[in-house]
$ cat work.pdb   # PDB, C-alpha atoms
ATOM      1  CA  GLY G 221      67.132 -12.332  -0.914
ATOM      2  CA  GLY G 222      68.418 -11.183  -4.298
ATOM      3  CA  MET G 223      67.523 -14.509  -5.887
ATOM      4  CA  GLY G 224      64.061 -13.481  -7.013
ATOM      5  CA  SER G 225      65.085 -12.575 -10.550
ATOM      6  CA  ILE G 226      66.253 -16.069 -11.453
ATOM      7  CA  GLY G 227      63.508 -17.799 -13.380
ATOM      8  CA  LEU G 228      62.752 -21.442 -12.687
ATOM      9  CA  THR G 229      63.029 -23.954 -15.477
ATOM     10  CA  ASP G 230      59.691 -25.520 -16.421
ATOM     11  CA  HIS G 231      60.796 -28.700 -14.674
ATOM     12  CA  LEU G 232      61.661 -26.979 -11.408
ATOM     13  CA  ALA G 233      58.523 -24.832 -11.552
ATOM     14  CA  ARG G 234      56.503 -28.037 -11.924
ATOM     15  CA  MET G 235      58.248 -29.563  -8.925
ATOM     16  CA  VAL G 236      57.474 -26.500  -6.809
ATOM     17  CA  THR G 237      53.842 -26.724  -7.941
ATOM     18  CA  VAL G 238      53.694 -30.443  -7.059
ATOM     19  CA  ILE G 239      54.943 -29.639  -3.549
ATOM     20  CA  GLU G 240      52.553 -26.689  -3.247
ATOM     21  CA  VAL G 241      49.492 -28.671  -4.343
ATOM     22  CA  TYR G 242      50.417 -31.480  -1.961
ATOM     23  CA  LEU G 243      50.863 -29.077   0.956
ATOM     24  CA  ARG G 244      47.460 -27.515   0.317
ATOM     25  CA  LYS G 245      45.813 -30.934   0.292
ATOM     26  CA  HIS G 246      47.607 -32.408   3.304
ATOM     27  CA  ASP G 247      49.043 -30.746   6.342
ATOM     28  CA  HIS G 248      52.519 -32.138   5.754
ATOM     29  CA  ALA G 249      55.095 -32.048   2.981
ATOM     30  CA  PRO G 250      55.419 -34.819   0.394
ATOM     31  CA  SER G 251      58.170 -37.397   0.759
ATOM     32  CA  VAL G 252      60.970 -37.530  -1.799
ATOM     33  CA  GLU G 253      59.420 -40.722  -3.185
ATOM     34  CA  GLU G 254      56.020 -39.030  -3.555
ATOM     35  CA  ILE G 255      57.646 -36.171  -5.461
ATOM     36  CA  ARG G 256      59.501 -38.682  -7.661
ATOM     37  CA  VAL G 257      56.258 -40.491  -8.530
ATOM     38  CA  ALA G 258      54.288 -37.278  -9.126
ATOM     39  CA  MET G 259      57.058 -35.953 -11.390
ATOM     40  CA  ASN G 260      57.592 -39.307 -13.097
ATOM     41  CA  MET G 261      61.339 -39.124 -12.429
ATOM     42  CA  ALA G 262      63.823 -41.975 -12.675
ATOM     43  CA  SER G 263      65.356 -41.888  -9.216
ATOM     44  CA  LYS G 264      65.229 -40.244  -5.823
ATOM     45  CA  ASP G 265      68.776 -38.994  -6.466
ATOM     46  CA  HIS G 266      67.408 -36.786  -9.233
ATOM     47  CA  VAL G 267      64.751 -35.447  -6.880
ATOM     48  CA  HIS G 268      67.375 -34.709  -4.214
ATOM     49  CA  ARG G 269      69.516 -32.900  -6.779
ATOM     50  CA  ASP G 270      66.568 -30.720  -7.874
ATOM     51  CA  LEU G 271      65.533 -30.017  -4.293
ATOM     52  CA  GLY G 272      69.109 -28.850  -3.719
ATOM     53  CA  LYS G 273      68.773 -26.411  -6.627
ATOM     54  CA  LEU G 274      65.471 -25.125  -5.290
ATOM     55  CA  GLU G 275      67.023 -24.717  -1.858
ATOM     56  CA  ALA G 276      69.914 -22.719  -3.327
ATOM     57  CA  MET G 277      67.359 -20.515  -5.111
ATOM     58  CA  GLU G 278      65.502 -19.952  -1.851
ATOM     59  CA  TYR G 279      62.280 -21.636  -2.945
ATOM     60  CA  LEU G 280      62.403 -24.090  -0.072
ATOM     61  CA  THR G 281      64.443 -25.259   2.876
ATOM     62  CA  ARG G 282      65.056 -28.810   4.028
ATOM     63  CA  ALA G 283      65.212 -29.901   7.620
ATOM     64  CA  ARG G 284      68.028 -32.459   7.692
ATOM     65  CA  GLY G 285      67.261 -35.913   9.002
ATOM     66  CA  VAL G 286      63.531 -35.254   9.162
ATOM     67  CA  ALA G 287      61.105 -37.241   7.042
ATOM     68  CA  ARG G 288      58.947 -34.848   5.012
ATOM     69  CA  GLY G 289      61.221 -32.061   6.234
ATOM     70  CA  LEU G 290      60.533 -29.771   3.298
ATOM     71  CA  VAL G 291      59.442 -26.229   4.038
ATOM     72  CA  LEU G 292      58.149 -24.385   0.974
ATOM     73  CA  LEU G 293      59.120 -20.714   1.019
ATOM     74  CA  ARG G 294      57.844 -19.570  -2.355
ATOM     75  CA  CYS G 295      55.449 -20.767  -5.028
ATOM     76  CA  ALA G 296      56.356 -21.244  -8.679
ATOM     77  CA  ASP G 297      55.351 -17.641  -9.453
ATOM     78  CA  GLY G 298      57.894 -16.407  -6.897
ATOM     79  CA  GLN G 299      55.301 -15.224  -4.383
ATOM     80  CA  PRO G 300      55.737 -16.291  -0.762
ATOM     81  CA  PHE G 301      54.012 -19.577   0.012
ATOM     82  CA  GLY G 302      51.221 -18.739   2.352
ATOM     83  CA  ASP G 303      47.789 -17.314   2.265
ATOM     84  CA  VAL G 304      48.554 -13.771   1.175
ATOM     85  CA  ILE G 305      49.817 -12.578  -2.196
ATOM     86  CA  THR G 306      50.440  -9.040  -3.395
ATOM     87  CA  ILE G 307      49.409  -7.635  -6.764
ATOM     88  CA  PRO G 308      49.747  -4.100  -8.137
ATOM     89  CA  LEU G 309      46.766  -1.761  -8.042
ATOM     90  CA  LEU G 310      47.337   0.246 -11.215
ATOM     91  CA  GLY G 311      44.718   2.940 -10.922
ATOM     92  CA  ARG G 312      41.165   3.479 -12.037
ATOM     93  CA  ILE G 313      39.102   2.110 -14.859
ATOM     94  CA  ALA G 314      35.854   3.763 -15.787
ATOM     95  CA  ALA G 315      32.929   1.426 -16.034
ATOM     96  CA  GLY G 316      30.980   4.279 -17.619
ATOM     97  CA  LEU G 317      33.088   6.481 -19.831
ATOM     98  CA  PRO G 318      36.446   5.022 -20.843
ATOM     99  CA  ILE G 319      39.555   6.373 -19.140
ATOM    100  CA  PRO G 320      43.205   5.838 -20.106
ATOM    101  CA  VAL G 321      44.808   2.776 -18.576
ATOM    102  CA  PRO G 322      48.038   3.467 -16.692
ATOM    103  CA  ASP G 323      51.331   2.492 -18.252
ATOM    104  CA  GLU G 324      52.216  -0.961 -16.955
ATOM    105  CA  ARG G 325      55.823   0.151 -16.552
ATOM    106  CA  ALA G 326      54.703   2.876 -14.177
ATOM    107  CA  GLU G 327      55.139   2.314 -10.489
ATOM    108  CA  PRO G 328      51.834   1.076  -9.109
ATOM    109  CA  GLU G 329      50.192   3.695  -6.944
ATOM    110  CA  ASP G 330      49.308   0.972  -4.539
ATOM    111  CA  SER G 331      49.373  -2.733  -4.055
ATOM    112  CA  LEU G 332      46.687  -5.075  -2.964
ATOM    113  CA  GLU G 333      46.960  -8.089  -0.712
ATOM    114  CA  LEU G 334      44.730 -10.991  -1.659
ATOM    115  CA  THR G 335      44.335 -14.485  -0.371
ATOM    116  CA  ARG G 336      45.626 -17.145  -2.706
ATOM    117  CA  ASP G 337      42.198 -18.743  -3.041
ATOM    118  CA  ILE G 338      41.143 -15.679  -5.076
ATOM    119  CA  VAL G 339      44.143 -15.760  -7.432
ATOM    120  CA  SER G 340      46.237 -18.911  -7.482
ATOM    121  CA  ASP G 341      48.763 -17.768 -10.096
ATOM    122  CA  THR G 342      49.829 -14.122  -9.956
ATOM    123  CA  ARG G 343      51.577 -13.935 -13.323
ATOM    124  CA  GLY G 344      50.208 -11.008 -15.354
ATOM    125  CA  VAL G 345      47.632 -10.169 -12.714
ATOM    126  CA  TYR G 346      46.799  -6.603 -11.755
ATOM    127  CA  ALA G 347      43.960  -4.697 -10.137
ATOM    128  CA  LEU G 348      42.024  -1.597 -11.110
ATOM    129  CA  ARG G 349      39.490   0.398  -9.151
ATOM    130  CA  VAL G 350      36.148   0.852 -10.894
ATOM    131  CA  LYS G 351      34.640   4.275 -11.463
ATOM    132  CA  GLY G 352      31.061   4.542 -12.673
ATOM    133  CA  THR G 353      28.029   2.301 -12.869
ATOM    134  CA  SER G 354      27.954   0.732 -16.337
ATOM    135  CA  MET G 355      28.629  -2.738 -14.874
ATOM    136  CA  ILE G 356      26.118  -2.448 -12.047
ATOM    137  CA  ASP G 357      23.971  -5.344 -13.289
ATOM    138  CA  ALA G 358      27.026  -7.601 -12.935
ATOM    139  CA  LEU G 359      27.174  -6.381  -9.324
ATOM    140  CA  ILE G 360      30.233  -4.252 -10.038
ATOM    141  CA  ASN G 361      29.806  -0.852  -8.453
ATOM    142  CA  ASP G 362      31.625   2.443  -8.260
ATOM    143  CA  GLY G 363      34.646   1.954  -5.978
ATOM    144  CA  ASP G 364      34.879  -1.839  -6.380
ATOM    145  CA  ILE G 365      38.203  -3.376  -7.388
ATOM    146  CA  VAL G 366      38.474  -5.680 -10.393
ATOM    147  CA  ILE G 367      41.288  -8.202 -10.677
ATOM    148  CA  LEU G 368      42.474  -8.759 -14.244
ATOM    149  CA  ARG G 369      44.894 -11.087 -15.953
ATOM    150  CA  ARG G 370      46.719  -9.597 -18.937
ATOM    151  CA  ALA G 371      45.345 -11.009 -22.173
ATOM    152  CA  GLN G 372      45.404  -9.960 -25.830
ATOM    153  CA  SER G 373      42.318 -11.880 -26.823
ATOM    154  CA  ALA G 374      38.961 -12.771 -25.350
ATOM    155  CA  ASP G 375      36.034 -15.081 -25.952
ATOM    156  CA  ASN G 376      32.482 -13.879 -26.448
ATOM    157  CA  GLY G 377      30.964 -12.950 -23.118
ATOM    158  CA  ASP G 378      34.276 -12.419 -21.307
ATOM    159  CA  MET G 379      34.429  -9.341 -19.133
ATOM    160  CA  VAL G 380      37.459  -7.390 -20.311
ATOM    161  CA  ALA G 381      39.369  -4.168 -20.046
ATOM    162  CA  ALA G 382      39.325  -2.985 -23.654
ATOM    163  CA  TRP G 383      41.447  -0.211 -25.141
ATOM    164  CA  ILE G 384      39.616   1.775 -27.833
ATOM    165  CA  LYS G 385      42.486   3.026 -29.983
ATOM    166  CA  SER G 386      40.683   5.836 -31.805
ATOM    167  CA  GLU G 387      39.700   7.341 -28.457
ATOM    168  CA  GLN G 388      42.864   6.397 -26.537
ATOM    169  CA  GLN G 389      40.592   5.126 -23.781
ATOM    170  CA  THR G 390      40.134   1.967 -21.766
ATOM    171  CA  THR G 391      36.735   0.670 -20.755
ATOM    172  CA  LEU G 392      35.392  -2.251 -18.728
ATOM    173  CA  LYS G 393      32.745  -4.178 -20.678
ATOM    174  CA  ARG G 394      31.616  -7.617 -21.809
ATOM    175  CA  PHE G 395      33.245  -8.491 -25.124
ATOM    176  CA  PHE G 396      31.438  -9.885 -28.184
ATOM    177  CA  VAL G 397      32.578 -10.249 -31.787
ATOM    178  CA  ASP G 398      29.808  -9.142 -34.116
ATOM    179  CA  GLY G 399      30.951  -9.800 -37.688
ATOM    180  CA  LYS G 400      33.746  -7.343 -38.448
ATOM    181  CA  ARG G 401      32.856  -5.311 -35.415
ATOM    182  CA  VAL G 402      33.244  -5.717 -31.714
ATOM    183  CA  ARG G 403      30.363  -5.060 -29.349
ATOM    184  CA  LEU G 404      31.381  -3.848 -25.918
ATOM    185  CA  GLN G 405      28.338  -4.514 -23.800
ATOM    186  CA  PRO G 406      27.730  -2.685 -20.524
ATOM    187  CA  GLU G 407      26.036  -4.573 -17.704
ATOM    188  CA  ASN G 408      23.525  -1.803 -17.122
ATOM    189  CA  GLN G 409      20.146  -1.926 -18.802
ATOM    190  CA  THR G 410      19.972   1.850 -19.104
ATOM    191  CA  MET G 411      23.143   2.023 -21.223
ATOM    192  CA  GLU G 412      23.749   1.277 -24.903
ATOM    193  CA  PRO G 413      26.483  -1.064 -26.132
ATOM    194  CA  ILE G 414      29.560   0.411 -27.827
ATOM    195  CA  TYR G 415      30.234  -0.826 -31.388
ATOM    196  CA  ARG G 416      33.716  -0.468 -32.893
ATOM    197  CA  ASP G 417      35.693  -1.978 -35.751
ATOM    198  CA  ALA G 418      37.554  -5.027 -34.489
ATOM    199  CA  ASP G 419      40.937  -3.446 -35.254
ATOM    200  CA  ASP G 420      40.020  -0.384 -33.187
ATOM    201  CA  VAL G 421      39.662  -2.470 -30.039
ATOM    202  CA  GLU G 422      42.534  -4.034 -28.133
ATOM    203  CA  VAL G 423      41.826  -6.402 -25.264
ATOM    204  CA  GLN G 424      44.151  -5.608 -22.358
ATOM    205  CA  GLY G 425      42.983  -8.035 -19.727
ATOM    206  CA  LYS G 426      40.216 -10.364 -18.606
ATOM    207  CA  VAL G 427      38.419  -9.849 -15.327
ATOM    208  CA  ILE G 428      39.051 -12.873 -13.076
ATOM    209  CA  ALA G 429      37.655 -11.564  -9.804
ATOM    210  CA  VAL G 430      35.820  -8.642  -8.276
ATOM    211  CA  ILE G 431      36.370  -7.350  -4.767
ATOM    212  CA  ARG G 432      33.293  -5.604  -3.473
ATOM    213  CA  HIS G 433      33.726  -2.223  -1.897
ATOM    214  CA  VAL G 434      31.497  -2.323   1.182
TER     215      VAL G 434
END
$ encode --input "work.pdb" --output "structure tokens"
Amino acid sequence: GGMGSIGLTDHLARMVTVIEVYLRKHDHAPSVEEIRVAMNMASKDHVHRDLGKLEAMEYLTRARGVARGLVLLRCADGQPFGDVITIPLLGRIAAGLPIPVPDERAEPEDSLELTRDIVSDTRGVYALRVKGTSMIDALINDGDIVILRRAQSADNGDMVAAWIKSEQQTTLKRFFVDGKRVRLQPENQTMEPIYRDADDVEVQGKVIAVIRHV
């Protein structure tokens, strides 16, 4: 429906998540009382009111007169509840020489269907196809797909997509802060690390999963 653009309040998003987590643990929906307790709410009336809102927003449906009659349609991130989620495949990233990252406003050339056990929350998540062999020791090969979550910062040792401003290039490397410089470390023993001034390097995303190309 056209309801997808309406954002959930934090409270309603939490309620959807409570229902989702419960459904994944059990094979049936939670009762209104179980939702009330999990959400620490004053009364079942409040729960019913919120479930009504979620129903109007097409996040769930309720089977009338049936205990545990909730059917979850979408998760808190708006993706259909179920085992498959879709994320944009935005192009290629060189694991050897840096290549420009595509504009995130651009239409994705492709999308990728993943199971929700790989990525539970799809917010800010995108995929890139790897070109080159600089990450081969981390078992990331030419043609593999890396799943990233947008991030502006990283911790030492994180695998990131890093934009090197002076070169207008993006590269896939492990990230380390080395004094005033950043070391972008390939996972390939035959290749040298890249050193740049910290303000020349912009983290664009952290790698959260790799899908092997077989």
$ residues_around --input "work.pdb" --residues "G:Glu422" --least-positions-apart "2" --cutoff "7 Å" --atoms "all atoms listed in the file" --output "list in words"
Gln372, Ala382, Trp383, Ile384, Asp420 and Gln424 of chain G
$ write_last_selection --input "work.pdb" --atoms "C-alpha atoms" --output "mmCIF file, keeping the file's coordinate frame"
data_model
loop_
_atom_site.group_PDB
_atom_site.id
_atom_site.type_symbol
_atom_site.label_atom_id
_atom_site.label_comp_id
_atom_site.auth_asym_id
_atom_site.auth_seq_id
_atom_site.Cartn_x
_atom_site.Cartn_y
_atom_site.Cartn_z
ATOM 1 C CA GLN G 372 45.404 -9.960 -25.830
ATOM 2 C CA ALA G 382 39.325 -2.985 -23.654
ATOM 3 C CA TRP G 383 41.447 -0.211 -25.141
ATOM 4 C CA ILE G 384 39.616 1.775 -27.833
ATOM 5 C CA ASP G 420 40.020 -0.384 -33.187
ATOM 6 C CA GLN G 424 44.151 -5.608 -22.358
#
$ residues_around --input "work.pdb" --residues "stretch 256-272 of chain G" --least-positions-apart "4" --cutoff "7 Å" --atoms "only C-alpha atoms" --output "PyMOL selection string"
chain G and resi 235+252+276
$ closest_residue --input "work.pdb" --among "G:Ala418, G:Ile428, G:Ala249, G:Leu309" --to "G:Arg370" --atoms "only C-alpha atoms"
G:Ile428
$ closest_residue --input "work.pdb" --among "G:Leu274, G:Cys295, G:Val380, G:Ala429" --to "G:Ile338" --atoms "all atoms listed in the file"
G:Ala429
$ resolve_selection --input "work.pdb" --expression "the PyMOL selection byres ((chain G and resi 396) around 8)" --output "ChimeraX atom specification"
/G:375-378,394-395,397-398,402-405
$ write_last_selection --input "work.pdb" --atoms "C-alpha atoms" --output "tab-separated table (two decimals), in the frame of the given file"
chain	number	residue	atom	x	y	z
G	375	ASP	CA	36.03	-15.08	-25.95
G	376	ASN	CA	32.48	-13.88	-26.45
G	377	GLY	CA	30.96	-12.95	-23.12
G	378	ASP	CA	34.28	-12.42	-21.31
G	394	ARG	CA	31.62	-7.62	-21.81
G	395	PHE	CA	33.24	-8.49	-25.12
G	397	VAL	CA	32.58	-10.25	-31.79
G	398	ASP	CA	29.81	-9.14	-34.12
G	402	VAL	CA	33.24	-5.72	-31.71
G	403	ARG	CA	30.36	-5.06	-29.35
G	404	LEU	CA	31.38	-3.85	-25.92
G	405	GLN	CA	28.34	-4.51	-23.80
$ atom_distance --input "work.pdb" --atom1 "atom CA of G:Thr229" --atom2 "atom CA of G:Asp297"
11.6 Å
$ residues_around --input "work.pdb" --residues "stretch 355-361 of chain G" --least-positions-apart "4" --cutoff "6 Å" --atoms "only C-alpha atoms" --output "list in words"
Pro406, Glu407 and Asn408 of chain G
$ axis_aligned_box --input "work.pdb" --around "stretch 284-291 of chain G" --padding-each-side "8 Å" --output "AutoDock Vina command-line options"
--center_x 63.5 --center_y -31.7 --center_z 6.2 --size_x 25.1 --size_y 27.0 --size_z 21.9
$ atom_distance --input "work.pdb" --atom1 "atom CA of G:Leu292" --atom2 "atom CA of G:Val339"
18.5 Å
$ atom_distance --input "work.pdb" --atom1 "atom CA of G:Gly363" --atom2 "atom CA of G:Tyr415"
25.9 Å
$ build_atoms --input "work.pdb" --residues "stretch 337-366 of chain G" --atoms "N, CA and C atoms" --output "PDB file, keeping the file's coordinate frame"
ATOM      1  N   ASP G 337      43.358 -18.058  -2.472  1.00  0.00           N
ATOM      2  CA  ASP G 337      42.198 -18.743  -3.041  1.00  0.00           C
ATOM      3  C   ASP G 337      41.501 -17.869  -4.082  1.00  0.00           C
ATOM      4  N   ILE G 338      41.742 -16.555  -4.063  1.00  0.00           N
ATOM      5  CA  ILE G 338      41.143 -15.679  -5.076  1.00  0.00           C
ATOM      6  C   ILE G 338      41.944 -15.773  -6.372  1.00  0.00           C
ATOM      7  N   VAL G 339      43.269 -15.683  -6.258  1.00  0.00           N
ATOM      8  CA  VAL G 339      44.143 -15.760  -7.432  1.00  0.00           C
ATOM      9  C   VAL G 339      45.238 -16.758  -7.126  1.00  0.00           C
ATOM     10  N   SER G 340      45.238 -17.894  -7.821  1.00  0.00           N
ATOM     11  CA  SER G 340      46.237 -18.911  -7.482  1.00  0.00           C
ATOM     12  C   SER G 340      47.572 -18.608  -8.152  1.00  0.00           C
ATOM     13  N   ASP G 341      47.530 -18.043  -9.351  1.00  0.00           N
ATOM     14  CA  ASP G 341      48.763 -17.768 -10.096  1.00  0.00           C
ATOM     15  C   ASP G 341      48.809 -16.273 -10.387  1.00  0.00           C
ATOM     16  N   THR G 342      49.824 -15.583  -9.878  1.00  0.00           N
ATOM     17  CA  THR G 342      49.829 -14.122  -9.956  1.00  0.00           C
ATOM     18  C   THR G 342      50.460 -13.580 -11.237  1.00  0.00           C
ATOM     19  N   ARG G 343      50.909 -14.442 -12.125  1.00  0.00           N
ATOM     20  CA  ARG G 343      51.577 -13.935 -13.323  1.00  0.00           C
ATOM     21  C   ARG G 343      50.611 -13.107 -14.177  1.00  0.00           C
ATOM     22  N   GLY G 344      51.016 -11.860 -14.487  1.00  0.00           N
ATOM     23  CA  GLY G 344      50.208 -11.008 -15.354  1.00  0.00           C
ATOM     24  C   GLY G 344      48.929 -10.507 -14.701  1.00  0.00           C
ATOM     25  N   VAL G 345      48.863 -10.575 -13.387  1.00  0.00           N
ATOM     26  CA  VAL G 345      47.632 -10.169 -12.714  1.00  0.00           C
ATOM     27  C   VAL G 345      47.790  -8.766 -12.133  1.00  0.00           C
ATOM     28  N   TYR G 346      46.775  -7.947 -12.330  1.00  0.00           N
ATOM     29  CA  TYR G 346      46.799  -6.603 -11.755  1.00  0.00           C
ATOM     30  C   TYR G 346      45.378  -6.205 -11.384  1.00  0.00           C
ATOM     31  N   ALA G 347      45.269  -5.134 -10.612  1.00  0.00           N
ATOM     32  CA  ALA G 347      43.960  -4.697 -10.137  1.00  0.00           C
ATOM     33  C   ALA G 347      43.702  -3.268 -10.579  1.00  0.00           C
ATOM     34  N   LEU G 348      42.452  -2.964 -10.805  1.00  0.00           N
ATOM     35  CA  LEU G 348      42.024  -1.597 -11.110  1.00  0.00           C
ATOM     36  C   LEU G 348      40.797  -1.279 -10.281  1.00  0.00           C
ATOM     37  N   ARG G 349      40.675  -0.020  -9.894  1.00  0.00           N
ATOM     38  CA  ARG G 349      39.490   0.398  -9.151  1.00  0.00           C
ATOM     39  C   ARG G 349      38.451   0.917 -10.140  1.00  0.00           C
ATOM     40  N   VAL G 350      37.215   0.500  -9.951  1.00  0.00           N
ATOM     41  CA  VAL G 350      36.148   0.852 -10.894  1.00  0.00           C
ATOM     42  C   VAL G 350      35.553   2.214 -10.553  1.00  0.00           C
ATOM     43  N   LYS G 351      35.304   2.986 -11.621  1.00  0.00           N
ATOM     44  CA  LYS G 351      34.640   4.275 -11.463  1.00  0.00           C
ATOM     45  C   LYS G 351      33.417   4.255 -12.377  1.00  0.00           C
ATOM     46  N   GLY G 352      32.260   4.519 -11.845  1.00  0.00           N
ATOM     47  CA  GLY G 352      31.061   4.542 -12.673  1.00  0.00           C
ATOM     48  C   GLY G 352      30.176   3.326 -12.447  1.00  0.00           C
ATOM     49  N   THR G 353      29.063   3.297 -13.167  1.00  0.00           N
ATOM     50  CA  THR G 353      28.029   2.301 -12.869  1.00  0.00           C
ATOM     51  C   THR G 353      27.622   1.454 -14.071  1.00  0.00           C
ATOM     52  N   SER G 354      28.427   1.443 -15.145  1.00  0.00           N
ATOM     53  CA  SER G 354      27.954   0.732 -16.337  1.00  0.00           C
ATOM     54  C   SER G 354      27.963  -0.781 -16.151  1.00  0.00           C
ATOM     55  N   MET G 355      28.599  -1.292 -15.082  1.00  0.00           N
ATOM     56  CA  MET G 355      28.629  -2.738 -14.874  1.00  0.00           C
ATOM     57  C   MET G 355      27.787  -3.127 -13.661  1.00  0.00           C
ATOM     58  N   ILE G 356      26.848  -2.266 -13.303  1.00  0.00           N
ATOM     59  CA  ILE G 356      26.118  -2.448 -12.047  1.00  0.00           C
ATOM     60  C   ILE G 356      25.267  -3.726 -12.048  1.00  0.00           C
ATOM     61  N   ASP G 357      24.789  -4.132 -13.228  1.00  0.00           N
ATOM     62  CA  ASP G 357      23.971  -5.344 -13.289  1.00  0.00           C
ATOM     63  C   ASP G 357      24.811  -6.603 -13.094  1.00  0.00           C
ATOM     64  N   ALA G 358      26.133  -6.479 -13.240  1.00  0.00           N
ATOM     65  CA  ALA G 358      27.026  -7.601 -12.935  1.00  0.00           C
ATOM     66  C   ALA G 358      27.519  -7.461 -11.493  1.00  0.00           C
ATOM     67  N   LEU G 359      26.832  -6.603 -10.734  1.00  0.00           N
ATOM     68  CA  LEU G 359      27.174  -6.381  -9.324  1.00  0.00           C
ATOM     69  C   LEU G 359      28.571  -5.791  -9.169  1.00  0.00           C
ATOM     70  N   ILE G 360      28.976  -4.982 -10.156  1.00  0.00           N
ATOM     71  CA  ILE G 360      30.233  -4.252 -10.038  1.00  0.00           C
ATOM     72  C   ILE G 360      29.883  -2.787  -9.897  1.00  0.00           C
ATOM     73  N   ASN G 361      30.213  -2.214  -8.768  1.00  0.00           N
ATOM     74  CA  ASN G 361      29.806  -0.852  -8.453  1.00  0.00           C
ATOM     75  C   ASN G 361      30.976   0.105  -8.417  1.00  0.00           C
ATOM     76  N   ASP G 362      30.642   1.386  -8.419  1.00  0.00           N
ATOM     77  CA  ASP G 362      31.625   2.443  -8.260  1.00  0.00           C
ATOM     78  C   ASP G 362      32.458   2.169  -7.005  1.00  0.00           C
ATOM     79  N   GLY G 363      33.784   2.161  -7.140  1.00  0.00           N
ATOM     80  CA  GLY G 363      34.646   1.954  -5.978  1.00  0.00           C
ATOM     81  C   GLY G 363      35.089   0.511  -5.779  1.00  0.00           C
ATOM     82  N   ASP G 364      34.443  -0.443  -6.464  1.00  0.00           N
ATOM     83  CA  ASP G 364      34.879  -1.839  -6.380  1.00  0.00           C
ATOM     84  C   ASP G 364      36.241  -1.992  -7.061  1.00  0.00           C
ATOM     85  N   ILE G 365      36.910  -3.089  -6.752  1.00  0.00           N
ATOM     86  CA  ILE G 365      38.203  -3.376  -7.388  1.00  0.00           C
ATOM     87  C   ILE G 365      38.042  -4.611  -8.266  1.00  0.00           C
ATOM     88  N   VAL G 366      38.482  -4.500  -9.525  1.00  0.00           N
ATOM     89  CA  VAL G 366      38.474  -5.680 -10.393  1.00  0.00           C
ATOM     90  C   VAL G 366      39.895  -6.198 -10.531  1.00  0.00           C
TER      91      VAL G 366
END
